[in-house]
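Input: a single structure, listed below in structure tokens.
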Amino acid sequence: MDPITFSIIRHRLFRVVDEAVITLKHVSGSAITNEGHDLMVSLYRADGSLLMGGVGFLHHLTSAAEACKAIIRRFKGQINEGDVYLLNDPYTAALHTSDIYLVAPIHFGGKLVAWSACFVHVYDIGAMNPGGFSPESQDIFTEGISSPGLKLVDRGELRQDVLDTLLNMVRSPEMVTLDIRSMIACNNVAADRMQALIRKYGHDTVDEACATLIEQSEKLLRARLAELPDGQWQSRQYMDVKGETAKVCLTMTKAGDTLTFDFTGSSPQSKYALNCTKWASLGGLFAPLFPLLCYDITWNEGVIRPITMIAPEGSIVNCTRPAPVSVATVGAIQSVNNAACATIGKMLAASEKYRREATAVWHANHFAVFMFGRNQRGGQAIGILTETFAGAGGARTFADGVDVGGEIPNPISRMANVETMESIFPLRYLFRRRLIDSGGPGKFRGGLGMEIALMPHDAPDGGLHYVVSGKGAKYSMSEGLGGGYPGAPNRYVWVHNDEAGDQRNVDPSLALSLEDMPGRSEDISWGVFPLMGKDALYVAWNGGGGFGDPLERDPEQVRTDVESRFVTRDAARQVYGVVTDAGGTVDLAATKRLRAEMRGARMDRRAAE
């Protein structure tokens with residue numbers, strides 16, 4: 001078609017998604033949505049296939065496509081103009097029950113021409129734990145409301161009976177109402193803008209542009225894959241729950257202009273809620289693929305066509321009903337995401353042309369710390385510590401990773417400021433800062449993660465409770481690349497300050513580090529815990545993976561890292577092999593000798609093996 005018209009329509013489609021995202025954020029009152037950007041908005045063709053993937057958590061682009069197709073199958077002959085459908089069943093399409101999809105048909109001239117879809121992590125879903133993450137759930141039945149599809153809006157009229165039924169099963173129904181209404185408004189804006197576009201250019205022209213856009217994306221991705229070397233690359237991710245280890249194994253095969261992701265060898269599905277379904281795994285592998293291989297290609301059905309996934313049924317990455325999945329988004333799904341990021345990075349690093357596009361794994365271990373209780377105004381507060389979205393960048397083949405640099409699967413993620421969190425919860429932050437030695441060592445260092453500590457403040461019930469879930473704190477997960485080391489693992493510490501056990505008479509609110517905190521420290525990683533009185537919660541999260549041998553890092557860069565408190569002096573010597581004097585100046589001769597000794601010791605260990 002005419003290239004100018006095609007380009008205009010393409011950019012108008014982007015703007016449709018952008019306006020819908022803005023609407024969603026402005027109507028929602030939840031910090032996880034408008035601060036953390038735990039959201040997604042996309043456009044789909046009349047058959048439910050992905051037309052225009054939007055920003056937010058990219059895991060949902062393919063899952064929402066399946067949600068559209070599930071609604072088409074379920075409501076065949078009953079899909080009307082002005083309808084809105086709700087779906088959040090993980091075994092149908094969603095990632096976990098807390099991520100509610102609202103999908104809406106878009107009609108023009110009485111004909112179904114497209115779909116819009118969006119999601120947010122709703123304020124509460126009625127699971128056994130507030131906020132939806134339920135580490136103690138043993139099956140899907142204790143993880144809140146779960147629908148394979150229902151009509152929430154019929155021909156433009158809200159079905160109040162349906163909404164009331166949903167709200168009757170959740171904590172804080174007023175906040176859940178805001179979440180749902182924000183998504184309805186989002187879909188309304190998308191439909192209005194799409195209809196305006198079709199009115200201006202005509203349905204046939206817009207439809208041709210959409211089909212061309214998908215064909216173009218497929219052609220561009222296949223051409224890029226054809227330029228990359230054929231081969232196989234592998235990655236493993238480990239998760240620890242209550243001392244039990246589960247693994248996600250991935251072999252990625254590139255042949256010609258296709259990619260196959262094979263998860264054979266992954267652990268059987270777990271009794272714990274970190275499992276994920278096949279649709280969630282598909283989204284998990286596409287989340288890094290979109291930005292790493294398709295950064296200049298429109299994210300749509302054309303990108304999906306060259307990709308094949310193999311996920312054995314009954315495994316932790318393709319569990320069968322009724323296995324629990326409420327922690328999936330920070331459990332198996334993110335492990336799939338990490339493994340895909342690692343294998344794609346290895347493939348790119350093997351290409352002279354695309355080597356600079358390679359990256360080590362970013363922010364591999366989300367910490368899902370959900371707080372709940374009465375706030376300082378006597379109302380109910382439920383929500384996540386949005387620091388989990390702050391992330392840490394993986395190192396590149398030519399530069400360090402970005403400190404607190406977000407994450408690959410969500411280009412717009414961010415954390416709320418301290419004042420926002422303290423206004424929502426009866427909490428006081430003791431400190432929040434970059435975490436020394438957290439970035440994966442390498443010739444280029446992984447970006448740093450952070451550490452925070454908080455305690456109750458002005459809490460009417462003396463404090464509140466929190467849920468810790470994820471993949472544990474035992475294993476490093478931000479995999480390095482090309483000999484780079486992984487980022488540091490997460491850590492969660494419950495500091496018990498019963499006063500009787502600590503004779504230092506130190507006010508915990510004045511502590512500037514974990515070591516300064518009075519009381520007894522207990523490492524935790526899974527479950528529901530109280531935060532009461534003068535107790536404190538300390539959380540440290542992983543940095544990004546490094547790239548290349550740490551012994552090849554410029555000694556002056558290491559010295560700068562030590563001065564900036566990014567790396568300790570001990571790590572500079574023991575990991576990077578850099579020797580400094582008392583004034584911090586690098587002793588080049590001693591550094592050269594030490595690095596030679598360290599390389600020799602490596603060879604001795606290898607020979608012994």
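Residue names in the structure tokens use chain letters A, B, ... in the order shown, residue numbers from 1 in each chain, and ligand numbers from 1 in the order shown.
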Near-Ser476 in chain A list (12 Å; only C-alpha atoms; drop same-chain fewer than 2 positions) as an MDAnalysis selection string: chainID A and resid 236:240 335 338 361:365 438:440 471:474 478:480 485:491 541:545
Kindly save the residues from that selection, with N, CA and C atoms included, as a compact mmCIF listing (two decimals), in the first residue's frame.
# COMPACT_ATOMS: atom_id res chain seq x y z
N ARG A 236 20.17 -22.32 32.93
CA ARG A 236 19.42 -22.92 34.04
C ARG A 236 19.13 -21.85 35.09
N GLN A 237 17.96 -21.96 35.67
CA GLN A 237 17.58 -21.08 36.76
C GLN A 237 17.12 -21.95 37.93
N TYR A 238 17.52 -21.55 39.13
CA TYR A 238 17.17 -22.32 40.32
C TYR A 238 16.31 -21.47 41.26
N MET A 239 15.32 -22.13 41.86
CA MET A 239 14.43 -21.48 42.82
C MET A 239 14.45 -22.28 44.12
N ASP A 240 14.42 -21.59 45.23
CA ASP A 240 14.47 -22.24 46.54
C ASP A 240 13.26 -21.83 47.37
N SER A 335 11.72 -16.93 36.00
CA SER A 335 12.83 -17.82 35.68
C SER A 335 12.88 -18.13 34.20
N ASN A 338 14.32 -15.03 32.65
CA ASN A 338 15.78 -14.95 32.85
C ASN A 338 16.52 -15.89 31.91
N VAL A 361 21.88 -10.97 32.24
CA VAL A 361 20.52 -10.95 32.79
C VAL A 361 20.33 -9.76 33.72
N TRP A 362 19.18 -9.13 33.60
CA TRP A 362 18.78 -8.00 34.45
C TRP A 362 17.89 -8.51 35.59
N HIS A 363 18.05 -7.94 36.77
CA HIS A 363 17.09 -8.04 37.87
C HIS A 363 16.32 -9.37 37.88
N ALA A 364 17.05 -10.45 38.15
CA ALA A 364 16.49 -11.78 37.95
C ALA A 364 15.58 -12.26 39.07
N ASN A 365 15.55 -11.57 40.19
CA ASN A 365 14.78 -12.08 41.33
C ASN A 365 13.92 -10.98 41.92
N SER A 438 26.68 -5.66 44.89
CA SER A 438 25.54 -6.43 44.39
C SER A 438 25.61 -6.70 42.89
N GLY A 439 26.29 -5.84 42.13
CA GLY A 439 26.40 -6.03 40.69
C GLY A 439 27.34 -7.17 40.35
N GLY A 440 26.99 -7.97 39.36
CA GLY A 440 27.82 -9.10 38.97
C GLY A 440 29.19 -8.66 38.49
N LYS A 471 11.50 -16.41 44.57
CA LYS A 471 12.33 -17.58 44.24
C LYS A 471 13.37 -17.85 45.31
N GLY A 472 13.20 -17.24 46.48
CA GLY A 472 14.12 -17.50 47.57
C GLY A 472 15.35 -16.61 47.54
N ALA A 473 16.27 -16.88 48.46
CA ALA A 473 17.48 -16.07 48.61
C ALA A 473 18.74 -16.93 48.58
N LYS A 474 18.62 -18.17 48.17
CA LYS A 474 19.75 -19.09 48.22
C LYS A 474 20.65 -18.97 46.98
N SER A 478 20.84 -13.59 38.51
CA SER A 478 21.16 -12.66 37.43
C SER A 478 22.41 -13.15 36.72
N GLU A 479 22.21 -14.05 35.79
CA GLU A 479 23.30 -14.77 35.14
C GLU A 479 24.23 -13.83 34.39
N GLY A 480 25.54 -14.06 34.52
CA GLY A 480 26.52 -13.30 33.78
C GLY A 480 26.66 -13.80 32.35
N TYR A 485 30.32 -12.81 36.18
CA TYR A 485 29.71 -13.46 37.34
C TYR A 485 28.26 -12.99 37.50
N PRO A 486 27.45 -13.77 38.21
CA PRO A 486 26.07 -13.34 38.46
C PRO A 486 26.01 -12.23 39.51
N GLY A 487 24.89 -11.52 39.51
CA GLY A 487 24.66 -10.53 40.57
C GLY A 487 24.40 -11.23 41.89
N ALA A 488 24.52 -10.48 42.97
CA ALA A 488 24.30 -11.03 44.31
C ALA A 488 22.85 -11.50 44.46
N PRO A 489 22.58 -12.50 45.28
CA PRO A 489 21.20 -12.93 45.51
C PRO A 489 20.44 -11.95 46.40
N ASN A 490 19.13 -12.14 46.46
CA ASN A 490 18.30 -11.34 47.36
C ASN A 490 18.57 -11.74 48.81
N ARG A 491 18.13 -10.87 49.71
CA ARG A 491 18.17 -11.21 51.13
C ARG A 491 17.01 -10.50 51.83
N TRP A 541 18.24 -6.49 47.25
CA TRP A 541 17.94 -7.22 46.03
C TRP A 541 19.09 -7.22 45.04
N ASN A 542 19.02 -8.24 44.18
CA ASN A 542 20.11 -8.60 43.29
C ASN A 542 20.50 -7.48 42.31
N GLY A 543 21.78 -7.46 41.97
CA GLY A 543 22.24 -6.62 40.87
C GLY A 543 22.16 -7.40 39.56
N GLY A 544 22.57 -6.74 38.47
CA GLY A 544 22.58 -7.40 37.18
C GLY A 544 23.81 -8.27 37.00
N GLY A 545 23.76 -9.17 36.03
CA GLY A 545 24.91 -10.02 35.74
C GLY A 545 26.04 -9.24 35.09
Per-residue DSSP, range 415-550 of chain A, filtered to strand (DSSP E), as a VMD selection string: chain A and resid 427 to 434 450 to 456 463 to 469 491 to 496 520 to 524 527 to 532 536 to 540
Backbone-only DSSP, alpha helix (DSSP H) members of range 59-148 of chain A, as a PyMOL selection string: chain A and resi 60-74
For Ala117 in chain A, the nearest of the candidates A:Thr142, A:Thr386, A:Thr253, A:Asn188, counting only C-alpha atoms: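 Ranking A:Thr142, A:Thr386, A:Thr253, A:Asn188 by distance to Ala117 in chain A, first place goes to A:Asn188.
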Point-to-point distance from CA of Thr580 in chain A to CA of Asp516 in chain A, Å rounded to tenths: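 About the pair CA of Thr580 in chain A and CA of Asp516 in chain A: they are 27.8 Å apart.
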Thr388 in chain A surroundings by only C-alpha atoms, 10 Å radius, close-in-sequence under 4 positions cut, as a list in words: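 In the requested format, the answer is Gly36, His363, Asn365, His366, Phe367, Ala368, Val369, Ile384, Gly406, Glu407, Ser413, Arg414, Met415, Gly449, Met450 and Trp541 of chain A.
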Which of A:Glu597, A:Asp461, A:Asp124, A:Asp587 sits closest to Arg171 in chain A [using only C-alpha atoms]: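 The closest residue to Arg171 in chain A is A:Asp124.
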Counting only C-alpha atoms, give me one row per residue of range 82-132 of chain A with an atom at most 12 Å from an atom of range 205-221 of chain A, showing the shortest contact pair and its distance in Å to one decimal, sorted by chain then residue number, as a tab-separated table.
residue	atom	partner	partner_atom	distance
A:Phe108	CA	A:Val206	CA	11.7
A:Leu112	CA	A:Asp207	CA	11.8
A:Val113	CA	A:Asp207	CA	8.2
A:Ala114	CA	A:Asp207	CA	9.5
Atomic separation - CA of Gly110 in chain A relative to CA of Leu24 in chain A, Å: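 About the pair CA of Leu24 in chain A and CA of Gly110 in chain A: they are 26.4 Å apart.
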Nearest to Tyr492 in chain A by atom-to-atom distance, counting only C-alpha atoms, from A:Val539, A:Leu158, A:Ala190, A:Met455: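 Ranking A:Val539, A:Leu158, A:Ala190, A:Met455 by distance to Tyr492 in chain A, first place goes to A:Val539.
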Residue neighbourhood Leu225 in chain A, 7 Å, only C-alpha atoms, exclusion window fewer than 4 positions, as a list of chain:residue names: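 My reading of the contact set: A:Leu221, A:Gly256, A:Asp257, A:Thr258.
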Distance in Å - CA of Ala339 in chain A versus CA of Glu66 in chain A: 22.9 Å
Thr92 in chain A environment, 9 Å, only C-alpha atoms, sequence neighbours closer than 5 positions dropped, as a list in words: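 Using only C-alpha atoms, the neighbours found are Glu66, Ala67, Ala70, Leu87, Ser147, Pro148, Gly149, Thr277 and Trp279 of chain A.
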Non-local contacts of Tyr576 in chain A (7 Å; only C-alpha atoms; under 5 positions in same chain excluded) as a list in words: Pro550, Leu551 and Ala571 of chain A
